[in-house]
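Novice: This is the structure I want to talk about, given as structure tokens.
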Amino acid sequence: MKIRFMVSVFFVLLLSNAFSAPSDAEDHRGNPQDIFRPPQRIVSLVPAVTEELFLLGMGDSIVGVTVYCQRPPEAQVKEKVGTVIDANVEKIIELSPDLVIASPLSGRRQTRKLQRLAINVEVFDEAVDFKGLCENFLRLSRLVKKEEEGRKVIREAKRDLKSISESLGASSSPRVFVQIGANPLFTAKGESFINDLVERARGINIAKDATNGIFSREEVIERNPDIILIATMGIIAEKEKEVWLRYQEINAVNKGRIFTIDSNRVCSPTPVSFVDTVKELVELFHGEQ
Amino acid sequence: MESSRGNIGWVFLLMAILLAVMLFSLAVGAVEIPIRRIFYLLTENCESPERAILLKVRLPRIFLGLGVGGGLAISGVILQGMLRNPLVEPYTLGISGGAALGVCLNIVLGGSAILGSLSTPLSGFLGALGVIFFVYTISSSRGGMRLSRLLLIGVMVSFMASSLIMLVMALSETRDLHGIIFWIMGSLEEPNPWLIKTALFVSVFGAVISFIYSADLNALSLGEEEAFHLGVRVERMKRIIFVIASVVTGCCVAVSGVIGFIGLVVPHLMRLLVGGDHRILVVASFISGAAFLILCDTVARIIIAPMELPVGVITGLVGGVLFIYALSRKDYSF
Amino acid sequence: MIKLENLFCGYGKKTVLKGLNLEVRTGGFAALIGPNGSGKTTLVRTMSGLLTPQKGKVIFDGKDVNKMPHKELAKKIAVMTQAQTLTAPFCVEEFVLLGRIPYWGRFQVVEDKKDIELVERVLSRTGISHLRQRPLKELSGGERQLANLARALAQEPDLLLLDEPTAHLDIGHQVQIMDLVRDLNDKGLTIVAVLHDLNLASLYCQKLILLSDGKIQKVGSATDVLEQEVINKVYGTSITIRQDPVTSLPFVFPVH
């Protein structure tokens with residue numbers, strides 16, 4: 001039980017690695033002589049940041065990524081320095097980077113060690129909504145001296161979201177339950193940006209009031225969602241779908257509206273992929289009407 | 001005596017193995033540095049990423065492995081000797097559970113905002129001390145410390161602590177969980193040199209005290225009554241052993257998290273190798289505990305590089321296999 | 001040498017020994033006899049200072065044993081307990097060496113030359129020099145008891161307390177141990193032994209102390225103590241007593 005609990009928690013942690021505004025001002029320090037020069041050797045310990053760096057046209061400056069950095073395909077050929085949660089300090093030192101981008105998930109021991117060795121480490125906090133995602137993106141673009149490009153990407157993303165919202169008009173909002181982990185049943189609470197995704201696609205997250213991610217199945221039946229979204233991949237998603245099929249009382253089950261979505265895209269987005277996901281959700285929520 | 005002299009040979013051999021393991025650990029890692037270059041880097045004073053890797057990444061890990069491995073091993077030896085029970089290890093008395101609970105609470109309550117990076121080891125140590133004090137008080141009665149009770153209470157406290165940890169985890173934020181899980185898994189990666197020095201100092205100090213009491217431990221391994229008849233102040237001795245084992249284990253756990261199996265397996269293997277004389281057993285266990293942990297950590301570092309396995313995975317697997325091997329030897333009894 | 005003054009002793013609230021008065025003189029060889037549960041082992045534990053009396057005192061050479069420092073006590077009084085439970089992972093030599101611990105300073109952990117010589121001497125005295133490298137747990141019951149005796153002798157005690165030294169031993173080893181003990185007694189060592197075998201007690205000891213229900217029933221020579229009526233009453237059985245034709249000491253036979 002204990003092991004299973006830990007493992008599932010772990011999975012959720014892996015999934016929810018997106019980041020927002022910096023936690024404190026200290027993180028903004030940098031070397032004065034580097035103020036006008038963009039970093040040349042970047043190590044990214046965050047898959048979303050890797051993707052964003054490519055969006056900003058900084059792909060060539062990346063010298064190290066995690067094994068989870070699969071998008072865009074160009075990222076796959078970069079040198080691997082460990083996982084999101086466990087970076088290899090030696091490997092990073094060897095690459096002599098001028099900027100390391102980490103998340104709260106990156107081992108604290110490792111990031112502190114790098115800082116002790118006078119390596120510039122920027123830690124990005126977890127995002128809870130699109131706004132935070134944009135702030136995080138803007139901060140990144142400033143760090144790599146690409147503020148203009150960054151603003152442009154965000155402008156376009158915001159414009160797209162607006163037109164989606166307008167296109168939806170006055171259509172009704174389905175009640176949605178998003179499952180991001182099984183055993184225990186894990187969901188996205190109000191302060192998470194899966195919640196933001198659902199709301200922007202004109203859905204109602206039935207678990208919005210949950211205080212933490214663990215949610216009981218009884219509660220799901222009681223709240224009776226119109227749609228169940230399973231944000232996991234492959235066999236686990238299929239298994240979970242079978243579990244839900246036992247509860248025909250739930251509207252979503254009854255009408256066959258259980259969908260699976262790519263957990264990577266949902267849980268570690270860039271502003272661009274966020275918009276794409278919203279579009280996908282709109283299709284699922286309002287497509288057939 | 002002849003037999004003792006033969007066993008001192010073992011101590012020298014283990015010492016040589018420890019040195020070899022330390023060198024090996026220095027030489028291998030995710031980044032390849034040829035041996036010849038290592039000597040150059042160590043002797044010449046030049047700035048290079050490789051030198052930083054050697055001196056500031058690998059060397060501190062080796063020293064922490066020395067302290068933690070040695071400390072856990074001697075704690076195991078003296079506790080097993082005192083309780084005359086082969087299943088005892090430093091964590092049996094609930095020390096790790098207490099430390100883990102302390103760290104959990106610290107992470108969840110945001111203690112690092114006040115104390116910075118020192119808050120984790122500090123809260124771990126306080127948690128360990130809390131449990132030690134609790135277990136000690138409950139298992140002591142007017143007649144002195146009752147060892148069978150000590151053991152049972154320790155086991156119960158461990159269970160209670162792990163339940164409380166699960167409670168804290170269930171109620172906490174996902175981002176805090178990450179810190180908790182990682183701390184529980186244990187690691188020798190410690191950025192703060194002061195903590196490494198402290199852990200090393202405490203465990204060497206513990207080893208010296210254990211060595212001073214090793215003759216009394218020999219007497220105690222005949223039983224409390226026999227030890228009394230040999231002039232050992234049994235109650236005082238039990239208290240000292242308990243406190244040393246607890247403080248050393250508490251320090252190790254606070255700095256490196258929960259690294260299992262060393263305190264159980266190393267003392268057993270050493271008993272097989274050098275016999276039951278604590279005067280040699282304590283020294284041999286310290287050395288081989290250190291060598292064992294450094295080796296396991298090295299394996300954990302390189303086996304799937306650039307990723308790293310939790311060192312507890314290796315100590316558990318290797319330790320378990322060795323332990324079963326030791327127990328399956330016909331001539332072995334505690 | 002050792003004197004009990006109105007001694008009450010027991011475990012917790014339970015009182016086992018109820019008002020004993022007794023003296024064993026230097027050079028004496030006394031046997032403690034009595035049925036199971038009569039308090040023999042408790043008496044040995046009290047005499048050795050392990051148990052604190054509830055009332056009364058144990059006086060050794062004019063000093064209260066419960067007030068003597070542990071190490072000093074261990075240099076004067078050695079106790080040989082029932083050895084079949086000994087499973088410590090030592091070889092004979094290491095085990096016997098433990099008897100030297102009372103003589104070591106706080107920071108001494110290694111034996112000196114005198115210790116080695118003494119261990120050598122007691123090993124040959126007990127006739128187990130050839131077993132020195134053997135692990136304790138590989139020894140037979142008799143050999144183990146000899147090792148146990150050697151360890152007690154390594155303490156160089158003035159008083160040796162023996163708790164059933166011949167239990168579980170064959171007749172050969174019983175005699176070997178008892179001969180050895182008498183030999184030590186002849187050289188001046190004071191001995192108090194718990195004995196179950198009344199005939200061994202009769203044969204070897206100058207003084208028999210018969211305990212029953214925590215009280216001394218009778219003290220004296222074998223001829224005085226081993227009386228048919230007394231033994232029958234204390235042990236709740238029926239025996240007859242004859243005189244050994246060679247030694248003219250009393251001998252106990254069960255009858256039915």
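In the structure tokens, each chain is lettered A, B, ... as it comes, each chain's residues begin at 1, and ligands are numbered from 1 in order of appearance.
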Show me, as a list in words, the residues that have an atom within 7 Å of Ser103 (chain A) when counting only C-alpha atoms, minus same-chain residues fewer than 5 positions from it.
Specialist: Val46, Val123, Phe124 and Asp125 of chain A
Novice: Kindly save the residues from that selection, with C-alpha atoms included, as a PDB file, in the first residue's frame.
Specialist:
ATOM      1  CA  VAL A  46      12.477  20.925 -17.533  1.00  0.00           C
ATOM      2  CA  VAL A 123      14.567  27.668 -10.607  1.00  0.00           C
ATOM      3  CA  PHE A 124      11.098  28.029 -12.116  1.00  0.00           C
ATOM      4  CA  ASP A 125       8.065  27.370  -9.944  1.00  0.00           C
TER       5      ASP A 125
END
Novice: Record the distance separating CA of Ser273 (chain A) and CA of Lys162 (chain A), expressed in Å with one decimal.
Specialist: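 These two atoms are separated by 15.4 Å.
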Novice: Give the strand (DSSP E or B) residues of region 15-264 of chain B, as assigned by DSSP on the backbone, as a PDB file with all heavy atoms, in the first residue's frame.
Specialist:
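Once everything was written out, this is states05.pdb:
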ATOM      1  N   SER B 140      12.462   2.401  30.037  1.00  0.00           N
ATOM      2  CA  SER B 140      13.175   2.421  31.311  1.00  0.00           C
ATOM      3  C   SER B 140      12.171   2.366  32.443  1.00  0.00           C
ATOM      4  O   SER B 140      11.150   3.034  32.412  1.00  0.00           O
ATOM      5  CB  SER B 140      13.991   3.706  31.449  1.00  0.00           C
ATOM      6  OG  SER B 140      14.972   3.753  30.471  1.00  0.00           O
ATOM      7  N   SER B 141      12.491   1.540  33.403  1.00  0.00           N
ATOM      8  CA  SER B 141      11.659   1.550  34.602  1.00  0.00           C
ATOM      9  C   SER B 141      12.603   1.694  35.786  1.00  0.00           C
ATOM     10  O   SER B 141      13.795   1.908  35.613  1.00  0.00           O
ATOM     11  CB  SER B 141      10.844   0.265  34.682  1.00  0.00           C
ATOM     12  OG  SER B 141      11.710  -0.837  34.642  1.00  0.00           O
ATOM     13  N   GLY B 144      15.826  -0.151  35.769  1.00  0.00           N
ATOM     14  CA  GLY B 144      16.766   0.049  34.672  1.00  0.00           C
ATOM     15  C   GLY B 144      16.090  -0.170  33.329  1.00  0.00           C
ATOM     16  O   GLY B 144      14.872  -0.275  33.241  1.00  0.00           O
ATOM     17  N   MET B 145      16.934  -0.231  32.300  1.00  0.00           N
ATOM     18  CA  MET B 145      16.410  -0.330  30.949  1.00  0.00           C
ATOM     19  C   MET B 145      16.096  -1.789  30.632  1.00  0.00           C
ATOM     20  O   MET B 145      16.945  -2.649  30.774  1.00  0.00           O
ATOM     21  CB  MET B 145      17.514   0.132  30.019  1.00  0.00           C
ATOM     22  CG  MET B 145      17.088   1.005  28.924  1.00  0.00           C
ATOM     23  SD  MET B 145      18.600   1.750  28.340  1.00  0.00           S
ATOM     24  CE  MET B 145      18.346   1.529  26.634  1.00  0.00           C
TER      25      MET B 145
END
Novice: Run DSSP on the backbone and grab whatever in region 8-178 of chain A lands in helix (DSSP H, G or I); send it over as a PyMOL selection string.
Specialist: chain A and resi 8-15+25-28+32-34+47-55+59-61+73-77+89-94+108-116+130-143+147-168
Novice: For chain A, list the residues within 8 Å of chain B, counting only C-alpha atoms, and write the list as a ChimeraX atom specification.
Specialist: /A:2,6,9-10,13,80-83,86-91,93-94,96,104-105,107-110,112-113,116-117,212-214
Novice: Between CA of Leu169 (chain C) and CA of Gly99 (chain C), what distance in Å does the model show, to one decimal?
Specialist: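 Going from CA of Leu169 (chain C) over to CA of Gly99 (chain C) covers 23.1 Å.
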Novice: Please report as CSV every residue of chain C lying within 6 Å of chain B, along with the nearest atom pair and their distance in Å (one decimal), using only C-alpha atoms.
Specialist:
residue,atom,partner,partner_atom,distance
C:His70,CA,B:Gly231,CA,4.6
C:Lys71,CA,B:Gly231,CA,4.2
C:Ala74,CA,B:Gly231,CA,4.8
C:Ala88,CA,B:Leu222,CA,5.7
C:Pro89,CA,B:Gly276,CA,4.8
C:Phe90,CA,B:Gly276,CA,5.7
C:Pro102,CA,B:Gly231,CA,5.3
C:Phe107,CA,B:Ile212,CA,5.8
C:Val109,CA,B:Ala215,CA,5.7
Novice: Just the selected residues (N, CA and C atoms), exported as an mmCIF file, in the first residue's frame, please.
Specialist:
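out_25.cif written:
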data_model
loop_
_atom_site.group_PDB
_atom_site.id
_atom_site.type_symbol
_atom_site.label_atom_id
_atom_site.label_comp_id
_atom_site.auth_asym_id
_atom_site.auth_seq_id
_atom_site.Cartn_x
_atom_site.Cartn_y
_atom_site.Cartn_z
ATOM 1 N N HIS C 70 31.710 -2.037 41.313
ATOM 2 C CA HIS C 70 31.542 -3.244 40.506
ATOM 3 C C HIS C 70 32.844 -3.975 40.234
ATOM 4 N N LYS C 71 33.849 -3.201 39.845
ATOM 5 C CA LYS C 71 35.094 -3.858 39.440
ATOM 6 C C LYS C 71 35.768 -4.528 40.623
ATOM 7 N N ALA C 74 34.089 -7.699 41.336
ATOM 8 C CA ALA C 74 34.390 -8.741 40.353
ATOM 9 C C ALA C 74 35.792 -9.306 40.539
ATOM 10 N N ALA C 88 27.679 -17.354 23.259
ATOM 11 C CA ALA C 88 28.422 -16.199 22.743
ATOM 12 C C ALA C 88 29.420 -16.644 21.676
ATOM 13 N N PRO C 89 29.616 -15.822 20.665
ATOM 14 C CA PRO C 89 30.429 -16.220 19.519
ATOM 15 C C PRO C 89 31.931 -16.084 19.778
ATOM 16 N N PHE C 90 32.415 -16.708 20.834
ATOM 17 C CA PHE C 90 33.836 -16.606 21.122
ATOM 18 C C PHE C 90 34.496 -17.979 21.050
ATOM 19 N N PRO C 102 37.712 -7.187 34.738
ATOM 20 C CA PRO C 102 37.681 -6.359 35.956
ATOM 21 C C PRO C 102 39.014 -5.691 36.259
ATOM 22 N N PHE C 107 40.269 2.733 29.730
ATOM 23 C CA PHE C 107 40.613 2.833 28.310
ATOM 24 C C PHE C 107 41.397 1.631 27.805
ATOM 25 N N VAL C 109 41.587 -1.889 26.257
ATOM 26 C CA VAL C 109 40.771 -2.871 25.560
ATOM 27 C C VAL C 109 41.602 -4.067 25.121
#
Novice: At a cut-off of 12 Å, using only C-alpha atoms, what residues contact Gly287 (chain A)? Leave out same-chain residues fewer than 3 positions from it and give the result as a PyMOL selection string.
Specialist: chain A and resi 168+171+174+201+257+279-284
Novice: Can you work out the spacing between CA of Phe95 (chain C) and CA of Ala150 (chain C) in Å, to one decimal?
Specialist: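 Answer for the CA of Phe95 (chain C) to CA of Ala150 (chain C) separation: 9.2 Å.
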